[in-house]
$ cat protein32.txt   # compact mmCIF, C-alpha atoms
# COMPACT_ATOMS: atom_id res chain seq x y z
CA GLN A 17 -22.95 -12.01 -31.07
CA ASN A 18 -20.09 -10.26 -29.27
CA LYS A 19 -17.18 -11.90 -31.06
CA LEU A 20 -14.56 -10.14 -28.97
CA ALA A 21 -16.09 -11.41 -25.73
CA ALA A 22 -16.48 -14.92 -27.17
CA PHE A 23 -12.85 -14.93 -28.29
CA SER A 24 -11.81 -13.69 -24.84
CA ALA A 25 -13.73 -16.52 -23.19
CA VAL A 26 -11.96 -19.07 -25.40
CA LEU A 27 -8.62 -17.43 -24.68
CA ILE A 28 -9.22 -17.56 -20.91
CA LEU A 29 -10.12 -21.24 -21.20
CA VAL A 30 -6.88 -21.86 -23.11
CA VAL A 31 -4.86 -20.06 -20.42
CA ILE A 32 -6.55 -22.13 -17.70
CA LEU A 33 -5.71 -25.34 -19.56
CA ILE A 34 -2.12 -24.14 -20.00
CA ALA A 35 -1.87 -23.49 -16.27
CA ILE A 36 -3.22 -26.95 -15.46
CA PHE A 37 -0.98 -28.81 -17.91
CA ALA A 38 2.08 -26.55 -17.63
CA PRO A 39 4.40 -29.44 -16.56
CA VAL A 40 3.38 -31.34 -19.69
CA LEU A 41 3.47 -28.42 -22.14
CA ALA A 42 6.64 -26.71 -20.92
CA PRO A 43 9.74 -27.91 -22.82
CA TYR A 44 11.93 -27.22 -19.75
CA GLY A 45 11.50 -27.22 -16.00
CA GLU A 46 10.31 -24.19 -14.07
CA ALA A 47 13.76 -23.52 -12.56
CA GLU A 48 15.92 -25.61 -14.88
CA GLN A 49 19.19 -23.74 -15.51
CA ASP A 50 21.70 -23.89 -18.35
CA LEU A 51 24.39 -21.29 -17.68
CA ILE A 52 26.04 -21.97 -21.03
CA SER A 53 22.84 -20.83 -22.78
CA ARG A 54 22.18 -17.76 -20.63
CA LEU A 55 20.75 -14.58 -22.20
CA GLN A 56 20.13 -16.18 -25.58
CA GLY A 57 17.62 -14.61 -27.95
CA PRO A 58 14.48 -16.31 -29.25
CA SER A 59 15.25 -19.45 -31.21
CA ALA A 60 13.82 -22.84 -32.11
CA ALA A 61 15.21 -24.30 -28.88
CA HIS A 62 14.03 -21.40 -26.71
CA TRP A 63 11.01 -19.65 -28.23
CA PHE A 64 11.20 -16.62 -25.92
CA GLY A 65 14.93 -16.83 -25.25
CA THR A 66 16.65 -17.51 -21.93
CA ASP A 67 17.19 -15.35 -18.85
CA GLU A 68 20.36 -14.49 -16.93
CA LEU A 69 20.46 -17.99 -15.39
CA GLY A 70 19.83 -19.84 -18.63
CA ARG A 71 16.22 -20.67 -17.77
CA ASP A 72 13.76 -20.98 -20.64
CA VAL A 73 11.49 -17.92 -20.61
CA PHE A 74 8.67 -19.67 -22.48
CA SER A 75 8.54 -22.45 -19.90
CA ARG A 76 8.51 -19.95 -17.05
CA ILE A 77 5.66 -18.05 -18.72
CA LEU A 78 3.64 -21.28 -18.78
CA TYR A 79 4.39 -22.03 -15.14
CA GLY A 80 3.74 -18.40 -14.18
CA SER A 81 0.17 -18.67 -15.42
CA ARG A 82 -0.52 -20.99 -12.48
CA LEU A 83 0.33 -18.41 -9.84
CA SER A 84 -1.37 -15.55 -11.70
CA LEU A 85 -4.64 -17.41 -12.18
CA THR A 86 -4.61 -18.72 -8.62
CA ILE A 87 -4.08 -15.24 -7.22
CA GLY A 88 -6.69 -13.88 -9.64
CA ILE A 89 -9.50 -16.39 -9.27
CA LEU A 90 -9.37 -17.52 -5.63
CA PRO A 91 -9.64 -14.06 -4.02
CA SER A 92 -12.49 -13.21 -6.38
CA ILE A 93 -14.37 -16.32 -5.25
CA ILE A 94 -13.68 -15.45 -1.61
CA SER A 95 -14.92 -11.91 -2.14
CA LEU A 96 -18.10 -13.15 -3.82
CA VAL A 97 -19.01 -15.56 -1.02
CA VAL A 98 -18.30 -13.13 1.83
CA GLY A 99 -19.62 -10.07 -0.03
CA ILE A 100 -22.88 -11.81 -0.91
CA PHE A 101 -23.45 -12.81 2.72
CA PHE A 102 -22.95 -9.33 4.16
CA GLY A 103 -24.62 -7.58 1.22
CA LEU A 104 -27.79 -9.62 1.65
CA LEU A 105 -27.87 -8.96 5.39
CA ALA A 106 -27.32 -5.22 4.96
CA GLY A 107 -29.88 -4.77 2.19
CA TYR A 108 -32.60 -7.03 3.56
CA PHE A 109 -32.64 -6.12 7.24
CA GLY A 110 -31.50 -2.49 6.97
CA GLY A 111 -31.32 -0.41 10.15
CA TRP A 112 -28.27 -0.79 12.36
CA VAL A 113 -27.23 -3.97 10.53
CA ASP A 114 -27.00 -2.05 7.27
CA TYR A 115 -25.22 0.86 8.96
CA VAL A 116 -22.53 -1.27 10.63
CA ILE A 117 -21.80 -3.41 7.55
CA MET A 118 -21.65 -0.47 5.17
CA ARG A 119 -19.39 1.58 7.44
CA LEU A 120 -17.00 -1.37 7.64
CA ALA A 121 -17.15 -1.63 3.86
CA ASP A 122 -16.37 2.08 3.55
CA ILE A 123 -13.35 1.63 5.81
CA MET A 124 -12.04 -1.25 3.69
CA LEU A 125 -12.61 0.62 0.45
CA SER A 126 -10.71 3.63 1.80
CA ILE A 127 -7.55 1.54 2.27
CA PRO A 128 -5.33 1.25 -0.84
CA SER A 129 -5.23 -2.49 -1.50
CA LEU A 130 -1.68 -2.50 -2.86
CA LEU A 131 -0.39 -0.51 0.10
CA LEU A 132 -2.05 -2.87 2.59
CA ALA A 133 -0.64 -5.89 0.79
CA MET A 134 2.83 -4.33 0.88
CA VAL A 135 2.60 -3.64 4.62
CA LEU A 136 1.38 -7.14 5.48
CA SER A 137 3.95 -8.76 3.22
CA LYS A 138 6.82 -6.87 4.86
CA ALA A 139 5.46 -7.46 8.36
CA LEU A 140 5.46 -11.24 8.00
CA THR A 141 8.64 -13.27 8.03
CA ARG A 142 10.41 -13.88 4.75
CA SER A 143 11.06 -17.52 5.61
CA ILE A 144 7.46 -18.61 4.99
CA SER A 145 7.11 -20.99 2.06
CA GLN A 146 6.04 -19.74 -1.36
CA LEU A 147 2.69 -21.44 -1.07
CA LEU A 148 1.85 -19.65 2.16
CA LYS A 149 2.83 -16.32 0.60
CA ALA A 150 0.48 -16.97 -2.29
CA ILE A 151 -2.34 -17.86 0.10
CA ARG A 152 -1.67 -14.71 2.13
CA THR A 153 -1.94 -12.56 -0.98
CA VAL A 154 -5.16 -14.36 -1.90
CA ARG A 155 -6.69 -13.50 1.47
CA GLN A 156 -5.59 -9.87 1.26
CA ARG A 157 -7.26 -9.40 -2.10
CA GLY A 158 -10.37 -11.33 -1.03
CA ILE A 159 -10.86 -9.18 2.07
CA LEU A 160 -10.56 -5.93 0.15
CA MET A 161 -12.70 -6.92 -2.84
CA GLN A 162 -15.56 -8.25 -0.73
CA ALA A 163 -16.50 -4.66 0.22
CA SER A 164 -17.34 -3.76 -3.37
CA VAL A 165 -19.29 -7.01 -3.80
CA ALA A 166 -21.27 -6.30 -0.62
CA ARG A 167 -22.21 -2.83 -1.87
CA VAL A 168 -23.47 -4.21 -5.19
CA VAL A 169 -25.53 -6.96 -3.52
CA ARG A 170 -26.91 -4.51 -0.97
CA SER A 171 -28.08 -2.04 -3.61
CA GLN A 172 -29.90 -4.74 -5.54
CA THR A 173 -31.37 -6.27 -2.40
CA LEU A 174 -32.82 -2.91 -1.38
CA SER A 175 -34.81 -2.74 -4.60
CA LEU A 176 -35.69 -6.43 -4.84
CA LYS A 177 -37.01 -6.83 -1.30
CA GLU A 178 -39.92 -4.50 -2.12
CA SER A 179 -40.92 -6.56 -5.18
CA GLU A 180 -44.36 -8.15 -5.29
CA TYR A 181 -43.06 -11.72 -5.40
CA VAL A 182 -40.98 -11.09 -2.28
CA GLU A 183 -43.96 -9.59 -0.49
CA ALA A 184 -46.04 -12.60 -1.55
CA ALA A 185 -43.44 -15.03 -0.22
CA ARG A 186 -43.23 -13.11 3.05
CA SER A 187 -47.02 -13.09 3.40
CA ILE A 188 -47.28 -16.88 3.23
CA GLY A 189 -44.67 -17.32 5.94
CA VAL A 190 -41.50 -18.02 3.95
CA SER A 191 -38.46 -17.46 6.19
CA ASN A 192 -36.11 -14.56 5.64
CA GLY A 193 -33.25 -16.93 4.82
CA LYS A 194 -35.20 -18.64 2.03
CA ILE A 195 -36.36 -15.32 0.64
CA MET A 196 -32.79 -14.04 0.45
CA LEU A 197 -31.38 -17.23 -1.07
CA LYS A 198 -34.20 -18.28 -3.40
CA HIS A 199 -35.83 -15.00 -4.43
CA ILE A 200 -33.27 -12.22 -4.10
CA LEU A 201 -29.85 -13.82 -4.68
CA PRO A 202 -30.68 -15.38 -8.10
CA ASN A 203 -31.56 -11.93 -9.41
CA CYS A 204 -28.15 -10.62 -8.30
CA ILE A 205 -26.19 -13.30 -10.15
CA PRO A 206 -25.85 -11.46 -13.50
CA SER A 207 -24.22 -8.46 -11.83
CA LEU A 208 -22.02 -10.71 -9.70
CA ILE A 209 -20.76 -12.60 -12.75
CA VAL A 210 -19.70 -9.35 -14.38
CA LEU A 211 -18.10 -8.15 -11.15
CA PHE A 212 -16.20 -11.43 -10.86
CA THR A 213 -14.70 -11.07 -14.34
CA LEU A 214 -13.58 -7.54 -13.47
CA ASN A 215 -12.11 -8.48 -10.08
CA VAL A 216 -9.91 -11.24 -11.50
CA PRO A 217 -7.68 -8.96 -13.64
CA SER A 218 -7.44 -6.52 -10.74
CA ALA A 219 -6.06 -9.28 -8.52
CA ILE A 220 -3.66 -10.43 -11.24
CA LEU A 221 -2.29 -6.91 -11.63
CA SER A 222 -1.89 -6.60 -7.86
CA GLU A 223 0.09 -9.84 -7.68
CA SER A 224 2.26 -8.73 -10.58
CA SER A 225 2.85 -5.36 -8.94
CA LEU A 226 3.83 -6.93 -5.62
CA SER A 227 6.17 -9.39 -7.33
CA PHE A 228 7.71 -6.59 -9.39
CA LEU A 229 8.38 -4.65 -6.20
CA GLY A 230 10.03 -7.72 -4.70
CA ILE A 231 7.51 -8.39 -1.94
CA GLY A 232 5.30 -10.91 -3.72
CA ALA A 233 6.52 -14.15 -5.22
CA GLN A 234 10.16 -14.89 -4.45
CA PRO A 235 12.83 -16.64 -6.57
CA PRO A 236 12.98 -19.23 -7.96
CA ALA A 237 9.18 -19.19 -8.36
CA ALA A 238 7.82 -18.38 -11.81
CA SER A 239 5.74 -15.22 -11.53
CA TRP A 240 5.11 -12.82 -14.39
CA GLY A 241 5.67 -9.78 -12.20
CA LEU A 242 8.84 -11.26 -10.74
CA MET A 243 10.12 -12.03 -14.24
CA VAL A 244 9.68 -8.38 -15.20
CA ASN A 245 11.52 -7.34 -12.04
CA GLN A 246 14.45 -9.64 -12.74
CA SER A 247 14.72 -8.57 -16.39
CA LYS A 248 14.65 -4.79 -15.91
CA GLN A 249 18.44 -4.58 -15.90
CA PHE A 250 18.47 -6.18 -19.38
CA LEU A 251 15.68 -4.01 -20.77
CA PHE A 252 17.79 -2.42 -23.52
CA THR A 253 20.05 -5.38 -24.31
CA GLN A 254 17.63 -8.35 -24.06
CA PRO A 255 14.16 -6.74 -24.22
CA TRP A 256 12.39 -10.06 -24.80
CA LEU A 257 12.94 -10.97 -21.16
CA ALA A 258 10.57 -8.20 -20.05
CA LEU A 259 8.28 -8.16 -23.08
CA ALA A 260 7.21 -11.81 -22.77
CA PRO A 261 5.74 -11.62 -19.22
CA CYS A 262 4.33 -8.12 -19.88
CA ILE A 263 2.49 -9.36 -22.95
CA ALA A 264 1.19 -12.37 -21.00
CA ILE A 265 -0.18 -10.09 -18.28
CA MET A 266 -1.72 -7.76 -20.86
CA ILE A 267 -3.43 -10.58 -22.78
CA VAL A 268 -5.00 -12.18 -19.70
CA VAL A 269 -6.14 -8.87 -18.18
CA LEU A 270 -7.66 -7.65 -21.47
CA ALA A 271 -9.38 -11.01 -22.01
CA PHE A 272 -11.11 -10.86 -18.62
CA ASN A 273 -12.10 -7.21 -19.17
CA PHE A 274 -13.52 -7.87 -22.64
CA LEU A 275 -15.39 -10.90 -21.31
CA GLY A 276 -16.82 -8.79 -18.48
CA ASP A 277 -18.01 -6.14 -20.93
CA GLY A 278 -19.63 -8.77 -23.12
CA LEU A 279 -21.38 -10.45 -20.20
CA ARG A 280 -22.66 -7.08 -19.01
CA ASP A 281 -24.22 -6.44 -22.41
CA VAL A 282 -25.87 -9.87 -22.38
CA LEU A 283 -27.02 -10.07 -18.76
CA ASP A 284 -27.97 -6.45 -18.05
CA PRO A 285 -31.60 -5.85 -19.13
CA TYR A 286 -30.99 -2.12 -19.42
CA MET A 287 -28.13 -2.70 -21.87
CA LYS A 288 -30.32 -5.04 -23.91
CA ASN A 289 -32.94 -2.36 -24.45
CA GLN A 290 -30.45 0.22 -25.71

$ encode --input "protein32.txt" --output "structure tokens"
Amino acid sequence: QNKLAAFSAVLILVVILIAIFAPVLAPYGEAEQDLISRLQGPSAAHWFGTDELGRDVFSRILYGSRLSLTIGILPSIISLVVGIFFGLLAGYFGGWVDYVIMRLADIMLSIPSLLLAMVLSKALTRSISQLLKAIRTVRQRGILMQASVARVVRSQTLSLKESEYVEAARSIGVSNGKIMLKHILPNCIPSLIVLFTLNVPSAILSESSLSFLGIGAQPPAASWGLMVNQSKQFLFTQPWLALAPCIAIMIVVLAFNFLGDGLRDVLDPYMKNQ
């Protein structure tokens, strides 16, 4: 019934397919240069024009979706797995276990994620391959986002562990591990799905910000944030160079946010009753 969320889901699926089949869909290579055609405006040959090295902007937008989605989705998955584990432990056992885990989560949440990523990126050598840099950024985002996931799982576990069906399972000798995995975790899934769709655009924006600042993806890699960084000197003469990656970032981030809002309305029982 939420047409905007449904359209966003279709759009995200299209972007994922574009990222997978970018080498097939892109009319030019990721770093293919044509200095004779540099800084050309949008045309039939180059839909989004060409940059200062004659590279096709449209092709680089397609290739850039790979890095953005990888940086967006992988850390969110990491944060879910780790956050669920510690959130269940903290909420179910309580006591000193809850205190230690939540204080560690508070420490992680108090650290600005972008600032930490900047420090770690500058501390490590610049000669590491592009793939390793992407993986490093993934781990940074996953570590920081898992704290918020753990807090959500903990809060729901605290209320669910006092439910009658949990007490019944405990009374017949069901182990704590089975209770957490089979009786508590499934009831946390709706909230986790929504949280996942909101964490993905946050990670994409962080990667774009790092690349724009010059400490994320490095040339000649196709990154939307890096493309904005490289085109800022042509902002008033060739604005399409900056507008194309900015619009791509905006579309993907809005799609994930609209999908998250729609899933919240569907999965949250309190929203259903309103």

$ closest_residue --input "protein32.txt" --among "A:Val30, A:Leu105, A:Leu20, A:Ile77" --to "Asn192 of chain A" --atoms "all atoms listed in the file"
A:Leu105

$ residues_around --input "protein32.txt" --residues "segment 268-282 of chain A" --least-positions-apart "4" --cutoff "9 Å" --atoms "all atoms listed in the file" --output "VMD selection string"
chain A and resid 18 to 25 27 to 28 31 206 to 207 209 to 218 220 to 221 263 to 264 286 to 288

$ atom_distance --input "protein32.txt" --atom1 "atom CA of Leu226 of chain A" --atom2 "atom CA of Ala163 of chain A"
21.3 Å

$ closest_residue --input "protein32.txt" --among "A:Pro261, A:Gly99, A:Gly70, A:Pro128" --to "Leu208 of chain A" --atoms "only C-alpha atoms"
A:Gly99

$ closest_residue --input "protein32.txt" --among "A:Ile117, A:Leu29, A:Val244, A:Leu125" --to "Leu104 of chain A" --atoms "only C-alpha atoms"
A:Ile117

$ atom_distance --input "protein32.txt" --atom1 "atom CA of Phe228 of chain A" --atom2 "atom CA of Ser81 of chain A"
15.5 Å

$ closest_residue --input "protein32.txt" --among "A:Tyr115, A:Phe109, A:Tyr181, A:Phe74" --to "Ala238 of chain A" --atoms "all atoms listed in the file"
A:Phe74

$ closest_residue --input "protein32.txt" --among "A:Tyr44, A:Trp240, A:Phe101, A:Tyr79" --to "Ala61 of chain A" --atoms "only C-alpha atoms"
A:Tyr44

$ closest_residue --input "protein32.txt" --among "A:Ser95, A:Ser179, A:Ser75, A:Ser53" --to "Pro39 of chain A" --atoms "all atoms listed in the file"
A:Ser75

$ atom_distance --input "protein32.txt" --atom1 "atom CA of Phe37 of chain A" --atom2 "atom CA of Trp256 of chain A"
24.0 Å

$ residues_near_point --input "protein32.txt" --point "(-38.6, -4.3, 3.5)" --cutoff "8 Å" --atoms "all atoms listed in the file" --output "ChimeraX atom specification"
/A:108-109,174,177-178

$ write_last_selection --input "protein32.txt" --atoms "C-alpha atoms" --output "CSV table (one decimal), keeping the file's coordinate frame"
chain,number,residue,atom,x,y,z
A,108,TYR,CA,-32.6,-7.0,3.6
A,109,PHE,CA,-32.6,-6.1,7.2
A,174,LEU,CA,-32.8,-2.9,-1.4
A,177,LYS,CA,-37.0,-6.8,-1.3
A,178,GLU,CA,-39.9,-4.5,-2.1
